[in-house]
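Text of upload19.txt, listed as compact mmCIF, C-alpha atoms:
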```
# COMPACT_ATOMS: atom_id res chain seq x y z
CA MET R 1132 0.00 0.00 0.00
CA ARG R 1133 1.22 3.47 -0.85
CA PHE R 1134 1.14 6.18 1.81
CA ASP R 1135 0.95 9.88 1.14
CA LEU R 1136 0.65 13.05 3.19
CA ILE R 1137 -3.11 12.69 3.48
CA ASP R 1138 -2.54 9.45 5.42
CA ILE R 1139 -0.78 11.40 8.18
CA GLN R 1140 -2.91 14.54 7.92
CA ASP R 1141 -3.75 14.71 11.64
CA PHE R 1142 -0.07 14.38 12.57
CA VAL R 1143 0.92 17.04 10.02
CA GLN R 1144 -1.76 19.42 11.32
CA GLN R 1145 -0.45 19.01 14.88
CA ILE R 1146 3.12 19.62 13.71
CA VAL R 1147 2.30 22.81 11.80
CA GLU R 1148 0.16 24.20 14.62
CA THR R 1149 2.95 23.59 17.13
CA PHE R 1150 5.65 25.15 15.01
CA ALA R 1151 3.55 28.08 13.83
CA VAL R 1152 3.27 29.14 17.48
CA VAL R 1153 7.06 29.03 17.81
CA ILE R 1154 7.99 30.82 14.59
CA LYS R 1155 4.95 33.15 14.52
CA VAL R 1156 4.34 32.61 10.80
CA ASP R 1157 1.47 30.79 9.10
CA ILE R 1158 2.17 27.38 7.57
CA MET R 1159 0.44 25.42 4.80
CA ILE R 1160 1.14 21.85 3.69
CA PHE R 1161 0.14 20.75 0.19
CA ASP R 1162 -0.20 17.23 -1.19
CA LEU R 1163 0.88 16.17 -4.68
CA HIS R 1164 -2.39 17.42 -6.14
CA ARG R 1165 -1.81 20.93 -4.75
CA ASN R 1166 -4.55 20.48 -2.12
CA ILE R 1167 -3.96 22.14 1.22
CA ILE R 1168 -3.99 19.32 3.78
CA ALA R 1169 -2.88 21.34 6.82
CA GLY R 1170 -2.79 25.00 7.70
CA THR R 1171 -2.50 27.47 10.55
CA GLY R 1172 -3.78 30.92 11.35
CA ASP R 1173 -5.45 32.61 8.40
CA THR R 1174 -4.67 29.62 6.17
CA LYS R 1175 -6.37 26.96 8.32
CA CYS R 1176 -9.79 27.73 6.86
CA ARG R 1177 -8.38 26.97 3.39
CA VAL R 1178 -7.65 23.30 4.13
CA GLY R 1179 -9.12 21.27 1.27
CA ARG R 1180 -8.66 24.06 -1.28
CA GLN R 1181 -6.66 23.23 -4.41
CA PHE R 1182 -4.14 25.64 -5.90
CA HIS R 1183 -3.59 25.78 -9.67
CA ALA R 1184 -0.59 24.21 -11.43
CA GLY R 1185 1.14 27.54 -12.10
CA SER R 1186 1.11 28.53 -8.44
CA LEU R 1187 4.30 28.68 -6.41
CA THR R 1188 3.51 25.37 -4.73
CA GLY R 1189 2.64 23.85 -8.11
CA ARG R 1190 6.11 24.77 -9.34
CA VAL R 1191 7.76 23.34 -6.21
CA LEU R 1192 5.91 20.06 -6.77
CA THR R 1193 6.98 19.98 -10.42
CA ASP R 1194 10.58 21.20 -10.09
CA GLY R 1195 11.39 20.00 -6.57
CA GLN R 1196 13.22 23.23 -5.79
CA LEU R 1197 12.87 25.71 -2.95
CA LEU R 1198 11.08 28.88 -4.06
CA ILE R 1199 10.92 32.17 -2.23
CA ALA R 1200 8.51 34.93 -3.21
CA ARG R 1201 9.47 37.98 -1.19
CA ASP R 1202 6.75 40.03 -2.91
CA PRO R 1203 4.08 37.65 -4.24
CA GLY R 1204 2.37 38.92 -7.34
CA ILE R 1205 5.42 40.81 -8.55
CA SER R 1206 8.31 38.45 -7.72
CA ALA R 1207 9.90 36.66 -10.68
CA GLU R 1208 9.06 33.36 -8.95
CA CYS R 1209 5.38 34.18 -9.41
CA GLU R 1210 5.38 34.87 -13.16
CA SER R 1211 3.81 31.50 -14.06
CA CYS R 1212 0.92 32.08 -11.65
CA GLU R 1213 -2.47 33.08 -13.03
CA ASN R 1214 -2.64 35.70 -10.27
CA PHE R 1215 0.65 37.36 -11.26
CA SER R 1216 0.41 41.14 -10.79
CA ASN R 1217 -2.96 40.62 -9.13
CA CYS R 1218 -2.04 38.57 -6.04
CA ASN R 1219 -3.39 39.83 -2.76
CA GLU R 1220 -3.37 36.62 -0.71
CA TYR R 1221 0.10 36.62 0.81
CA ASP R 1222 2.80 39.13 1.68
CA SER R 1223 5.68 36.64 1.43
CA VAL R 1224 6.03 32.88 0.81
CA ILE R 1225 8.76 30.28 1.20
CA ALA R 1226 7.81 26.98 -0.45
CA TYR R 1227 9.91 23.86 0.17
CA PRO R 1228 9.45 20.33 -1.24
CA ILE R 1229 8.63 17.43 1.07
CA ARG R 1230 10.57 14.41 -0.20
CA ILE R 1231 11.18 10.78 0.50
CA GLY R 1232 14.43 10.07 -1.28
CA SER R 1233 14.02 11.57 -4.74
CA ARG R 1234 10.21 11.34 -4.70
CA ILE R 1235 8.35 14.58 -4.04
CA MET R 1236 5.43 14.03 -1.67
CA GLY R 1237 4.15 17.58 -1.25
CA SER R 1238 5.21 21.06 -0.29
CA PHE R 1239 5.71 22.90 2.98
CA CYS R 1240 4.98 26.62 2.78
CA LEU R 1241 5.63 29.41 5.21
CA VAL R 1242 3.29 32.26 4.39
CA ALA R 1243 3.09 35.79 5.66
CA THR R 1244 -0.44 37.12 5.80
CA ASN R 1245 0.56 40.46 7.31
CA ASP R 1246 3.55 42.82 7.46
CA GLU R 1247 4.74 41.50 10.83
CA GLN R 1248 4.96 37.93 9.49
CA LYS R 1249 6.60 39.18 6.28
CA ASN R 1250 9.32 40.93 8.28
CA LEU R 1251 9.87 37.76 10.35
CA ILE R 1252 10.29 35.70 7.19
CA LEU R 1253 12.63 38.18 5.50
CA GLU R 1254 14.78 38.72 8.60
CA ASN R 1255 15.10 34.98 9.34
CA GLU R 1256 15.05 33.52 5.84
CA ALA R 1257 18.16 31.28 6.10
CA TYR R 1258 17.13 29.97 9.53
CA LEU R 1259 13.58 29.28 8.31
CA VAL R 1260 14.78 27.41 5.21
CA ASP R 1261 16.97 25.19 7.43
CA PHE R 1262 14.00 24.72 9.77
CA MET R 1263 11.78 23.72 6.83
CA ASP R 1264 14.39 21.22 5.64
CA LYS R 1265 14.36 19.53 9.06
CA LEU R 1266 10.56 19.47 9.33
CA CYS R 1267 10.18 18.13 5.80
CA GLY R 1268 12.61 15.36 6.76
CA LEU R 1269 10.50 14.58 9.84
CA ILE R 1270 7.32 14.44 7.77
CA GLY R 1271 8.99 12.19 5.19
CA SER R 1272 10.28 9.90 7.96
CA THR R 1273 6.77 9.66 9.40
CA ILE R 1274 5.40 8.56 6.03
CA ASN R 1275 8.19 5.98 5.76
CA GLU R 1276 7.39 4.72 9.27
CA LYS R 1277 3.72 4.37 8.33
CA ARG R 1278 4.73 2.40 5.23
CA PHE R 1279 7.04 0.18 7.28
CA GLN R 1280 4.29 -0.52 9.83
CA ASN R 1281 1.90 -1.43 7.02
CA ASP R 1282 4.47 -3.70 5.35
CA LEU R 1283 5.22 -5.39 8.68
CA THR R 1284 1.52 -5.95 9.38
CA THR R 1285 1.07 -7.45 5.92
CA LEU R 1286 4.09 -9.72 6.43
CA ILE R 1287 2.81 -10.89 9.83
CA LYS R 1288 -0.62 -11.68 8.35
CA ARG R 1289 1.03 -13.71 5.57
CA TYR R 1290 3.20 -15.53 8.09
CA ASP R 1291 0.17 -16.35 10.25
CA THR R 1292 -1.75 -17.60 7.22
CA VAL R 1293 1.09 -19.91 6.15
CA VAL R 1294 1.90 -21.17 9.65
CA ASN R 1295 -1.72 -21.75 10.60
CA ASN R 1296 -2.46 -23.69 7.40
CA VAL R 1297 0.37 -26.19 7.86
CA ALA R 1298 -0.83 -29.62 9.00
CA GLU R 1299 2.21 -30.18 11.22
CA GLY R 1300 2.41 -28.60 14.63
CA ILE R 1301 4.65 -25.54 14.76
CA ILE R 1302 5.84 -24.14 18.06
CA GLY R 1303 7.72 -20.83 18.20
CA LEU R 1304 10.13 -20.25 21.09
CA ASP R 1305 11.95 -17.16 22.31
CA GLN R 1306 15.65 -17.07 23.26
CA ASN R 1307 14.77 -18.37 26.75
CA GLY R 1308 12.90 -21.39 25.42
CA CYS R 1309 9.47 -20.00 26.29
CA ILE R 1310 6.62 -20.65 23.85
CA ILE R 1311 5.66 -17.49 22.01
CA HIS R 1312 3.53 -18.96 19.22
CA LEU R 1313 1.59 -22.13 18.45
CA ASN R 1314 -0.23 -22.88 15.25
CA GLY R 1315 -3.61 -24.62 15.33
CA SER R 1316 -2.12 -28.08 14.75
CA ALA R 1317 0.31 -27.67 17.68
CA GLU R 1318 -2.52 -26.50 19.94
CA ASN R 1319 -4.52 -29.62 19.04
CA LEU R 1320 -1.53 -31.85 19.85
CA LEU R 1321 -0.92 -30.23 23.22
```
Rewrite the coordinates I just gave you, this time as structure tokens.
Amino acid sequence: MRFDLIDIQDFVQQIVETFAVVIKVDIMIFDLHRNIIAGTGDTKCRVGRQFHAGSLTGRVLTDGQLLIARDPGISAECESCENFSNCNEYDSVIAYPIRIGSRIMGSFCLVATNDEQKNLILENEAYLVDFMDKLCGLIGSTINEKRFQNDLTTLIKRYDTVVNNVAEGIIGLDQNGCIIHLNGSAENLL
């Protein structure tokens, strides 16, 4: 089974809410389809909304590169956006790809919705980019963990199916010689 950001949406929402309090800037997380799956502050009410392909986050998802729009609507990074020269949503945006290995899973965006947040972003840009890199790594690791848990559960179910359908009795022991598993045939014999 394939896991994506939407599969850990509650976790991602908790993460962005926690960190938004610390850095005092709004955060949005987008999935591969440019849907907002988590948001804080003024952006929280936009969860579920889809951005268009030419948007900043659309470009991050396509190119896999960090993009910074210091003046959205007039920044060169915004030229492909349908709202170029007419953007009034955000005062500043840093968009960073969320990856697992080379696969892009979504984008992590810091957004300023007022002058105070814009100044915080501009004054702390390098620190915030490093911060985003670490959080994107954490989010990617969480998706990997979810995949691993699913794979392990599937493997255990297959093991149980095979072991429990063998006619011979199978007894599993731990390193101390204690019984940790019996198949149905072994239970019938004992």
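Between atom CA of Phe1262 of chain R and atom CA of Ala1151 of chain R lies a distance of 11.7 Å.
As for atom CA of Ile1229 of chain R and atom CA of Gly1271 of chain R, they are spaced 6.7 Å apart.
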Problem - Coordinates-based distance that separates atom CA of Ile1231 of chain R from atom CA of Ser1272 of chain R (Å, one decimal) - result: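 Spanning atom CA of Ser1272 of chain R to atom CA of Ile1231 of chain R is a straight-line distance of 7.6 Å.
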Practice task
Tell me, as a list of chain:residue names, which residues lie within 9 Å of segment 1285-1298 of chain R, counting all atoms listed in the file; anything in the same chain fewer than 6 positions away does not count.
Solution key: R:Leu1313, R:Asn1314, R:Gly1315, R:Ser1316, R:Ala1317
Handout entry: Spatial sel., origin (-2.8, 23.3, 7.9), limit 8 Å, all atoms listed in the file, listed as number ranges by chain
Key = R: 1143-1144, 1147-1148, 1158-1160, 1167-1171, 1174-1175, 1178
Exercise for the section: Taking the point (4.6, 32.3, -7.6) as given in the file, collect each protein or nucleic acid residue that comes within 6 Å of it, counting all atoms listed in the file, and present the set as a list in words. Expected result: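 With a cut-off of 6 Å, the residues come to Ser1186, Leu1187, Glu1208, Cys1209 and Cys1212 of chain R.
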Would you save the residues from that selection as a PDB file, keeping the file's coordinate frame, using C-alpha atoms?
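Result saved to out_19.pdb:
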```
ATOM      1  CA  SER R1186       1.110  28.530  -8.440  1.00  0.00           C
ATOM      2  CA  LEU R1187       4.300  28.680  -6.410  1.00  0.00           C
ATOM      3  CA  GLU R1208       9.060  33.360  -8.950  1.00  0.00           C
ATOM      4  CA  CYS R1209       5.380  34.180  -9.410  1.00  0.00           C
ATOM      5  CA  CYS R1212       0.920  32.080 -11.650  1.00  0.00           C
TER       6      CYS R1212
END
```
Problem - Among the residues R:Ala1257, R:Ser1206, R:Gln1306, R:Arg1230, the one that comes closest to Leu1269 of chain R [using only C-alpha atoms] - result: R:Arg1230
Problem - Minimum-distance residue to Leu1241 of chain R, chosen among R:Ala1200, R:Ile1270, R:Ile1302, R:Cys1309 (using all atoms listed in the file) - result: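 Distance minimum relative to Leu1241 of chain R lands on R:Ala1200.
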Exercise for the section: For Leu1198 of chain R, list every protein, DNA or RNA residue within 12 Å, evaluated using all atoms listed in the file, and leave out those in the same chain fewer than 6 positions away; present the list as a list in words. Expected result: Ser1186, Leu1187, Thr1188, Gly1189, Arg1190, Val1191, Leu1192, Ser1206, Ala1207, Glu1208, Cys1209, Ser1223, Val1224, Ile1225, Ala1226, Tyr1227, Pro1228, Ser1238, Phe1239, Cys1240, Leu1241, Val1242, Glu1256 and Val1260 of chain R
Fill in the blank from the handout: From the list R:Asn1217, R:Asn1245, R:Asn1319, R:Thr1273, the nearest residue to Phe1142 of chain R using all atoms listed in the file is R:Thr1273
Handout entry: Nearest to Gly1185 of chain R by atom-to-atom distance, counting all atoms listed in the file, from R:Ile1311, R:Gly1300, R:Arg1234, R:Ser1211
Key =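 For Gly1185 of chain R, the nearest of the candidates is R:Ser1211.
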Fill in the blank from the handout: Counting all atoms listed in the file, the residue among R:Ile1252, R:Leu1321, R:Met1236, R:Ala1243 that lies closest to Ile1139 of chain R is R:Met1236
